[in-house]
Amino acid sequence: MSVDLAAPPRLGGRLAALSVGQVISWGILYYALIVASPAIATDTGWPVTLVTLSFSASLIVSAAAGVFVGRWLDGRGPRLIMTVGSIVGPLGLAIVALAPNLAVFTAGWMVAGVGQSAVLYQAAFTVIARRHGARRRGAMTILTLAGGLASTVFAPVVAGLLTVTDWRTTFLILAGTLLVTTAPLHWFSLEARWAHTHEHSDSEKAHTVSAVVRTRRFWMLELSMLTLAAALFSVTLALIPLFTEKGLSYELAAWALGLLGAGQVIGRLVYIVIPHTAAPWIALAVTAALSVVFLALLAVVPGPPWLLIVIGIAAGAVRGAQTLVQGSAVADRWGVHNYGAINGVFAAPITLVGAFGPALGPLLAVATGSYTAMALIAAALAAVSLVLARFS
C-alpha cells in the first residue's frame, strides 16, 4: 500500500515518530556502551580498549550494511527494513548481554551493527529526503535535534540502571525497551512503499550510483567530508585530555565536553536559518573554514578556562552543522532519486572514521607528543577539506 505524500496533517506525526525512534535508537545502540564500558571491563576483566573496539566493530558492520539498506530504502520503502532493524538491534544486544567471552561479545555488537544501519541517521535521512523533498532541511534539523537528546536522556538512565543491577541485566532491559518501542513506531508510522510521485521529475535527473561514483565531484565531496570528519572527531572526542593538558581539572574538562554537546544543538539550529540558495559546496566550505579557525584556537589558546570552554562550544556547533551538511550533501547535488543507494556508498567511509573516532585523537597525540599538536594537525586536515570542498 502506498502512502499519500501530500497529506500535511500526517507529515508532522510521522516526523515525530521517526524522531522519537532516533532518540531511543541512538541512546541504546550507541551511547549505552560508552556509559557502560568501564563497568563491563571491571566485571569481566576484559580491557576497556577491547570492549570499545568490539563496539567499533558494530559501526564497521553498519557502514557496510548501509549500502544494502540504502538500496532497499530507495526501491522498496522504509517500513519493513527499519522494523527489521528494530528487531535485529535488540537481538544483537541480547547476545552482548549473555556473552560468555569477548569473541561472542564482539559478535553481538556486529549483529547490532546490522540493526544500526537500518535505524540510525543514514536510514532516517533517506526517509526524509524521499518524503519531504525540498522541505528536507527543516525535517533533518528536527530529526538531528531529537537525536542530539539521546545522550542527555539515556546516559543517566544507563548509569542509573548500573547502580541497581549489573551490566548484563542492564543491556537486556535496554534490548527489550528498544524492541517494544521502536519496532511499533517504525511499522505503524513509516511508508510501506513510496507513493508514485512526479514532484521532482521535471527538475531532477535520476542519477545512478555507478554514474555518480565515476565523477570527480563525488570523490572531491567524499575526500572533503572524510578529512573534515577526521578533524572534528579527533579533537572533539579528545577534548578532556586536551583541556587537562592545558591545566583544567578533569571535572571541569568533563563539563566542557558536555557543553560541547550543547554546542552541537546550537550548530544545527544555526544551519537551518542560513539561506540555502547558494551552490551546494559553499555550506561544506563554510563548515570546513570554521573548523580550521576553532580547532586552531583550541590548539594555540592557553586559557583562561572560560575562553577554552567557549571555543569548545563553538567547535561543537561546527560539528553539529557538519552532521546536517553531510546528510544533505547527496540530495543537494544529485537530487532525491536514488538518494539511499548513493548516500549509502558516500556515508560508508565516513562511518568508518566515526568507528575509530575515539582513538584518532589519542593516536595523533602519541605520534606528535601532545594533544596541542594533535589539534593543530586536525586544523590542517580541516584546511585540506576546505580546499577540496570547492571542487565538490
# chains A, B, ... in the order shown; residues from 1 in each chain; ligands from 1
>>> residues_around(residues="segment 154-159 of chain A", least_positions_apart="4", cutoff="10 Å", atoms="only C-alpha atoms", output="number ranges by chain")
A: 23-24, 26-28, 30-36, 39, 149-150, 163-164, 167, 170-171, 173-174
>>> residues_around(residues="Val111 of chain A", least_positions_apart="3", cutoff="12 Å", atoms="only C-alpha atoms", output="number ranges by chain")
A: 29, 54-55, 57-62, 65, 85-96, 104-108, 114-118
>>> write_last_selection(atoms="C-alpha atoms", output="short mmCIF file (atom, residue, chain, number, x, y, z; two decimals), in the first residue's frame")
data_model
loop_
_atom_site.label_atom_id
_atom_site.label_comp_id
_atom_site.auth_asym_id
_atom_site.auth_seq_id
_atom_site.Cartn_x
_atom_site.Cartn_y
_atom_site.Cartn_z
CA LEU A 29 22.55 1.27 20.25
CA SER A 54 34.14 -4.51 19.96
CA PHE A 55 31.69 -1.64 19.73
CA ALA A 57 33.09 -3.45 15.03
CA SER A 58 29.37 -2.67 15.09
CA LEU A 59 29.97 0.64 13.31
CA ILE A 60 32.14 -1.06 10.69
CA VAL A 61 29.36 -3.58 10.00
CA SER A 62 26.86 -0.70 9.95
CA ALA A 65 25.33 -2.92 5.60
CA GLY A 85 16.43 -3.19 12.10
CA SER A 86 14.43 -2.57 15.28
CA ILE A 87 14.36 -6.34 15.83
CA VAL A 88 17.93 -7.19 14.81
CA GLY A 89 19.40 -4.43 17.02
CA PRO A 90 17.84 -5.83 20.22
CA LEU A 91 18.86 -9.35 19.18
CA GLY A 92 22.48 -8.17 18.98
CA LEU A 93 22.21 -6.52 22.40
CA ALA A 94 20.81 -9.72 23.89
CA ILE A 95 23.85 -11.60 22.55
CA VAL A 96 26.07 -8.90 24.06
CA VAL A 104 30.80 -13.58 21.47
CA PHE A 105 30.53 -10.05 22.90
CA THR A 106 32.07 -8.71 19.68
CA ALA A 107 29.82 -10.91 17.53
CA GLY A 108 26.80 -9.49 19.36
CA VAL A 114 23.23 -4.54 11.14
CA GLY A 115 20.39 -3.05 13.16
CA GLN A 116 22.20 0.29 13.42
CA SER A 117 22.45 0.51 9.64
CA ALA A 118 18.67 0.32 9.35
#
>>> closest_residue(among="A:Leu161, A:Val212, A:Leu232, A:Ala99", to="Pro358 of chain A", atoms="only C-alpha atoms")
A:Leu232
>>> residues_around(residues="Ala262 of chain A", least_positions_apart="6", cutoff="10 Å", atoms="only C-alpha atoms", output="ChimeraX atom specification")
/A:148-149,152,256,313-314,316-317,320
>>> write_last_selection(atoms="N, CA and C atoms", output="compact mmCIF listing (two decimals), in the first residue's frame")
# COMPACT_ATOMS: atom_id res chain seq x y z
N GLY A 148 20.15 14.45 19.06
CA GLY A 148 21.09 15.04 19.98
C GLY A 148 20.68 14.90 21.44
N LEU A 149 19.40 14.61 21.68
CA LEU A 149 18.92 14.41 23.05
C LEU A 149 19.20 13.00 23.56
N THR A 152 21.64 12.84 26.37
CA THR A 152 21.07 13.53 27.53
C THR A 152 20.06 12.66 28.26
N ALA A 256 33.14 20.72 30.16
CA ALA A 256 33.36 21.34 28.86
C ALA A 256 32.92 20.41 27.73
N ILE A 313 32.60 25.05 22.78
CA ILE A 313 31.18 25.11 22.39
C ILE A 313 31.06 25.48 20.92
N ALA A 314 31.87 26.44 20.46
CA ALA A 314 31.85 26.84 19.05
C ALA A 314 32.25 25.67 18.15
N GLY A 316 31.84 22.56 18.89
CA GLY A 316 30.70 21.66 18.92
C GLY A 316 29.61 22.10 17.96
N ALA A 317 29.40 23.41 17.86
CA ALA A 317 28.40 23.93 16.93
C ALA A 317 28.77 23.57 15.48
N GLY A 320 28.01 20.00 14.95
CA GLY A 320 26.57 19.81 14.77
C GLY A 320 26.12 20.17 13.37
>>> residues_around(residues="Val292 of chain A", least_positions_apart="5", cutoff="7 Å", atoms="only C-alpha atoms", output="count of residues only")
3
>>> atom_distance(atom1="atom CA of Val293 of chain A", atom2="atom CA of Leu143 of chain A")
27.7 Å
>>> closest_residue(among="A:Leu228, A:Met220, A:Trp306, A:Leu364", to="Ala380 of chain A", atoms="only C-alpha atoms")
A:Leu228
>>> residues_around(residues="Ala230 of chain A", least_positions_apart="3", cutoff="8 Å", atoms="only C-alpha atoms", output="PyMOL selection string")
chain A and resi 226-227+233-234+353-354+357+360+378+381
>>> select_by_dssp(residues="segment 59-224 of chain A", states="alpha helix (DSSP H)", output="number ranges by chain")
A: 59-76, 79-98, 102-119, 121-132, 136-147, 150-164, 167-189, 209-213, 216-224
>>> write_last_selection(atoms="C-alpha atoms", output="compact mmCIF listing (two decimals), in the first residue's frame")
# COMPACT_ATOMS: atom_id res chain seq x y z
CA LEU A 59 29.97 0.64 13.31
CA ILE A 60 32.14 -1.06 10.69
CA VAL A 61 29.36 -3.58 10.00
CA SER A 62 26.86 -0.70 9.95
CA ALA A 63 28.91 1.09 7.29
CA ALA A 64 28.98 -1.99 5.06
CA ALA A 65 25.33 -2.92 5.60
CA GLY A 66 24.29 0.69 5.00
CA VAL A 67 25.00 0.31 1.28
CA PHE A 68 22.44 -2.52 1.03
CA VAL A 69 19.97 -0.73 3.30
CA GLY A 70 20.13 2.40 1.14
CA ARG A 71 19.29 0.43 -1.99
CA TRP A 72 16.40 -1.27 -0.21
CA LEU A 73 15.02 2.04 1.05
CA ASP A 74 15.07 3.50 -2.46
CA GLY A 75 13.40 0.53 -4.12
CA ARG A 76 11.04 -0.90 -1.53
CA ARG A 79 8.63 0.20 6.78
CA LEU A 80 9.92 -3.35 6.54
CA ILE A 81 13.67 -2.69 6.60
CA MET A 82 13.56 -0.25 9.52
CA THR A 83 11.24 -2.52 11.51
CA VAL A 84 13.59 -5.43 10.89
CA GLY A 85 16.43 -3.19 12.10
CA SER A 86 14.43 -2.57 15.28
CA ILE A 87 14.36 -6.34 15.83
CA VAL A 88 17.93 -7.19 14.81
CA GLY A 89 19.40 -4.43 17.02
CA PRO A 90 17.84 -5.83 20.22
CA LEU A 91 18.86 -9.35 19.18
CA GLY A 92 22.48 -8.17 18.98
CA LEU A 93 22.21 -6.52 22.40
CA ALA A 94 20.81 -9.72 23.89
CA ILE A 95 23.85 -11.60 22.55
CA VAL A 96 26.07 -8.90 24.06
CA ALA A 97 24.35 -9.25 27.44
CA LEU A 98 24.69 -13.04 27.51
CA LEU A 102 34.93 -11.31 24.35
CA ALA A 103 34.55 -13.06 20.98
CA VAL A 104 30.80 -13.58 21.47
CA PHE A 105 30.53 -10.05 22.90
CA THR A 106 32.07 -8.71 19.68
CA ALA A 107 29.82 -10.91 17.53
CA GLY A 108 26.80 -9.49 19.36
CA TRP A 109 27.89 -5.96 18.54
CA MET A 110 28.37 -6.93 14.91
CA VAL A 111 24.77 -8.18 14.82
CA ALA A 112 23.71 -4.93 16.47
CA GLY A 113 25.62 -3.09 13.72
CA VAL A 114 23.23 -4.54 11.14
CA GLY A 115 20.39 -3.05 13.16
CA GLN A 116 22.20 0.29 13.42
CA SER A 117 22.45 0.51 9.64
CA ALA A 118 18.67 0.32 9.35
CA VAL A 119 17.55 2.62 12.15
CA TYR A 121 20.65 8.70 10.85
CA GLN A 122 21.65 7.29 7.47
CA ALA A 123 18.37 5.39 7.05
CA ALA A 124 16.31 8.18 8.61
CA PHE A 125 17.86 10.78 6.28
CA THR A 126 16.82 8.67 3.30
CA VAL A 127 13.23 8.60 4.57
CA ILE A 128 13.26 12.37 5.00
CA ALA A 129 14.82 13.03 1.58
CA ARG A 130 12.20 10.88 -0.14
CA ARG A 131 9.25 12.03 1.97
CA HIS A 132 9.92 15.75 2.35
CA ARG A 136 14.11 18.14 3.81
CA ARG A 137 16.47 20.57 5.56
CA GLY A 138 13.92 21.57 8.19
CA ALA A 139 12.91 17.97 8.76
CA MET A 140 16.55 16.84 9.01
CA THR A 141 17.22 19.57 11.55
CA ILE A 142 14.29 18.47 13.71
CA LEU A 143 15.44 14.87 13.45
CA THR A 144 19.04 15.61 14.46
CA LEU A 145 17.93 17.90 17.28
CA ALA A 146 15.96 14.94 18.61
CA GLY A 147 18.92 12.61 18.06
CA ALA A 150 19.79 10.71 23.05
CA SER A 151 22.85 11.05 25.28
CA THR A 152 21.07 13.53 27.53
CA VAL A 153 18.22 11.07 28.08
CA PHE A 154 19.99 7.72 28.08
CA ALA A 155 23.35 8.43 29.72
CA PRO A 156 21.71 8.97 33.13
CA VAL A 157 19.25 6.13 32.50
CA VAL A 158 22.05 3.66 31.79
CA ALA A 159 24.11 4.98 34.69
CA GLY A 160 21.09 4.64 36.97
CA LEU A 161 20.44 1.05 35.88
CA LEU A 162 24.07 0.18 36.54
CA THR A 163 23.69 1.35 40.13
CA VAL A 164 20.84 -1.08 40.82
CA TRP A 167 25.61 -4.55 33.11
CA ARG A 168 24.20 -7.76 31.62
CA THR A 169 20.74 -7.16 33.07
CA THR A 170 21.02 -3.53 32.03
CA PHE A 171 21.59 -4.47 28.39
CA LEU A 172 18.74 -6.99 28.46
CA ILE A 173 16.43 -4.25 29.75
CA LEU A 174 17.70 -1.87 27.06
CA ALA A 175 17.23 -4.52 24.35
CA GLY A 176 13.65 -5.08 25.43
CA THR A 177 12.99 -1.35 25.55
CA LEU A 178 14.40 -0.87 22.04
CA LEU A 179 12.26 -3.69 20.67
CA VAL A 180 8.91 -2.75 22.20
CA THR A 181 9.24 0.96 21.39
CA THR A 182 10.92 1.35 18.01
CA ALA A 183 9.52 -1.69 16.20
CA PRO A 184 5.88 -0.48 16.53
CA LEU A 185 6.92 3.12 15.83
CA HIS A 186 8.57 2.12 12.56
CA TRP A 187 5.90 -0.35 11.48
CA PHE A 188 2.94 1.96 12.02
CA SER A 189 4.45 5.33 11.03
CA VAL A 209 25.10 5.10 -8.22
CA SER A 210 27.54 3.87 -10.87
CA ALA A 211 27.36 7.16 -12.76
CA VAL A 212 27.78 9.31 -9.66
CA VAL A 213 30.78 7.43 -8.23
CA ARG A 216 35.34 13.76 -9.86
CA ARG A 217 32.74 15.77 -7.97
CA PHE A 218 31.72 12.73 -5.91
CA TRP A 219 35.29 11.94 -4.89
CA MET A 220 36.08 15.55 -4.06
CA LEU A 221 32.99 15.59 -1.86
CA GLU A 222 33.95 12.26 -0.28
CA LEU A 223 37.52 13.32 0.48
CA SER A 224 36.44 16.72 1.75
>>> closest_atom_pairs(of="segment 257-330 of chain A", to="segment 241-248 of chain A", cutoff="10 Å", atoms="only C-alpha atoms", output="Markdown table")
| residue | atom | partner | partner_atom | distance |
| --- | --- | --- | --- | --- |
| A:Leu257 | CA | A:Phe243 | CA | 9.6 |
| A:Leu298 | CA | A:Leu242 | CA | 8.5 |
| A:Ala299 | CA | A:Leu242 | CA | 8.4 |
| A:Val301 | CA | A:Lys246 | CA | 9.0 |
| A:Pro302 | CA | A:Lys246 | CA | 6.2 |
| A:Gly303 | CA | A:Lys246 | CA | 7.4 |
| A:Pro304 | CA | A:Leu248 | CA | 9.1 |
| A:Pro305 | CA | A:Leu248 | CA | 6.7 |
| A:Leu308 | CA | A:Phe243 | CA | 7.9 |
| A:Ile309 | CA | A:Phe243 | CA | 9.0 |
| A:Gly312 | CA | A:Phe243 | CA | 9.7 |
>>> write_last_selection(atoms="N, CA and C atoms", output="JSON list (two decimals), in the first residue's frame")
[["chain", "number", "residue", "atom", "x", "y", "z"],
["A", 257, "LEU", "N", 33.19, 19.11, 27.89],
["A", 257, "LEU", "CA", 32.76, 18.15, 26.89],
["A", 257, "LEU", "C", 31.24, 18.10, 26.80],
["A", 298, "LEU", "N", 41.63, 26.05, 19.61],
["A", 298, "LEU", "CA", 41.74, 25.07, 20.69],
["A", 298, "LEU", "C", 43.19, 24.63, 20.90],
["A", 299, "ALA", "N", 43.96, 24.65, 19.81],
["A", 299, "ALA", "CA", 45.36, 24.25, 19.92],
["A", 299, "ALA", "C", 46.22, 25.35, 20.53],
["A", 301, "VAL", "N", 45.30, 28.51, 22.02],
["A", 301, "VAL", "CA", 44.88, 29.33, 23.16],
["A", 301, "VAL", "C", 45.20, 28.59, 24.46],
["A", 302, "PRO", "N", 45.97, 29.20, 25.37],
["A", 302, "PRO", "CA", 46.35, 28.51, 26.61],
["A", 302, "PRO", "C", 45.30, 28.62, 27.72],
["A", 303, "GLY", "N", 44.41, 29.57, 27.61],
["A", 303, "GLY", "CA", 43.43, 29.81, 28.66],
["A", 303, "GLY", "C", 42.93, 31.24, 28.55],
["A", 304, "PRO", "N", 42.17, 31.70, 29.51],
["A", 304, "PRO", "CA", 41.70, 31.03, 30.72],
["A", 304, "PRO", "C", 40.65, 29.96, 30.44],
["A", 305, "PRO", "N", 40.26, 29.18, 31.45],
["A", 305, "PRO", "CA", 39.33, 28.08, 31.21],
["A", 305, "PRO", "C", 38.02, 28.49, 30.54],
["A", 308, "LEU", "N", 38.50, 28.77, 26.81],
["A", 308, "LEU", "CA", 38.63, 27.46, 26.18],
["A", 308, "LEU", "C", 37.27, 26.78, 26.05],
["A", 309, "ILE", "N", 36.44, 26.91, 27.08],
["A", 309, "ILE", "CA", 35.12, 26.29, 27.05],
["A", 309, "ILE", "C", 34.26, 26.93, 25.97],
["A", 312, "GLY", "N", 35.35, 25.62, 22.75],
["A", 312, "GLY", "CA", 34.88, 24.24, 22.62],
["A", 312, "GLY", "C", 33.42, 24.18, 22.21]]
>>> atom_distance(atom1="atom CA of Pro349 of chain A", atom2="atom CA of Val325 of chain A")
15.8 Å
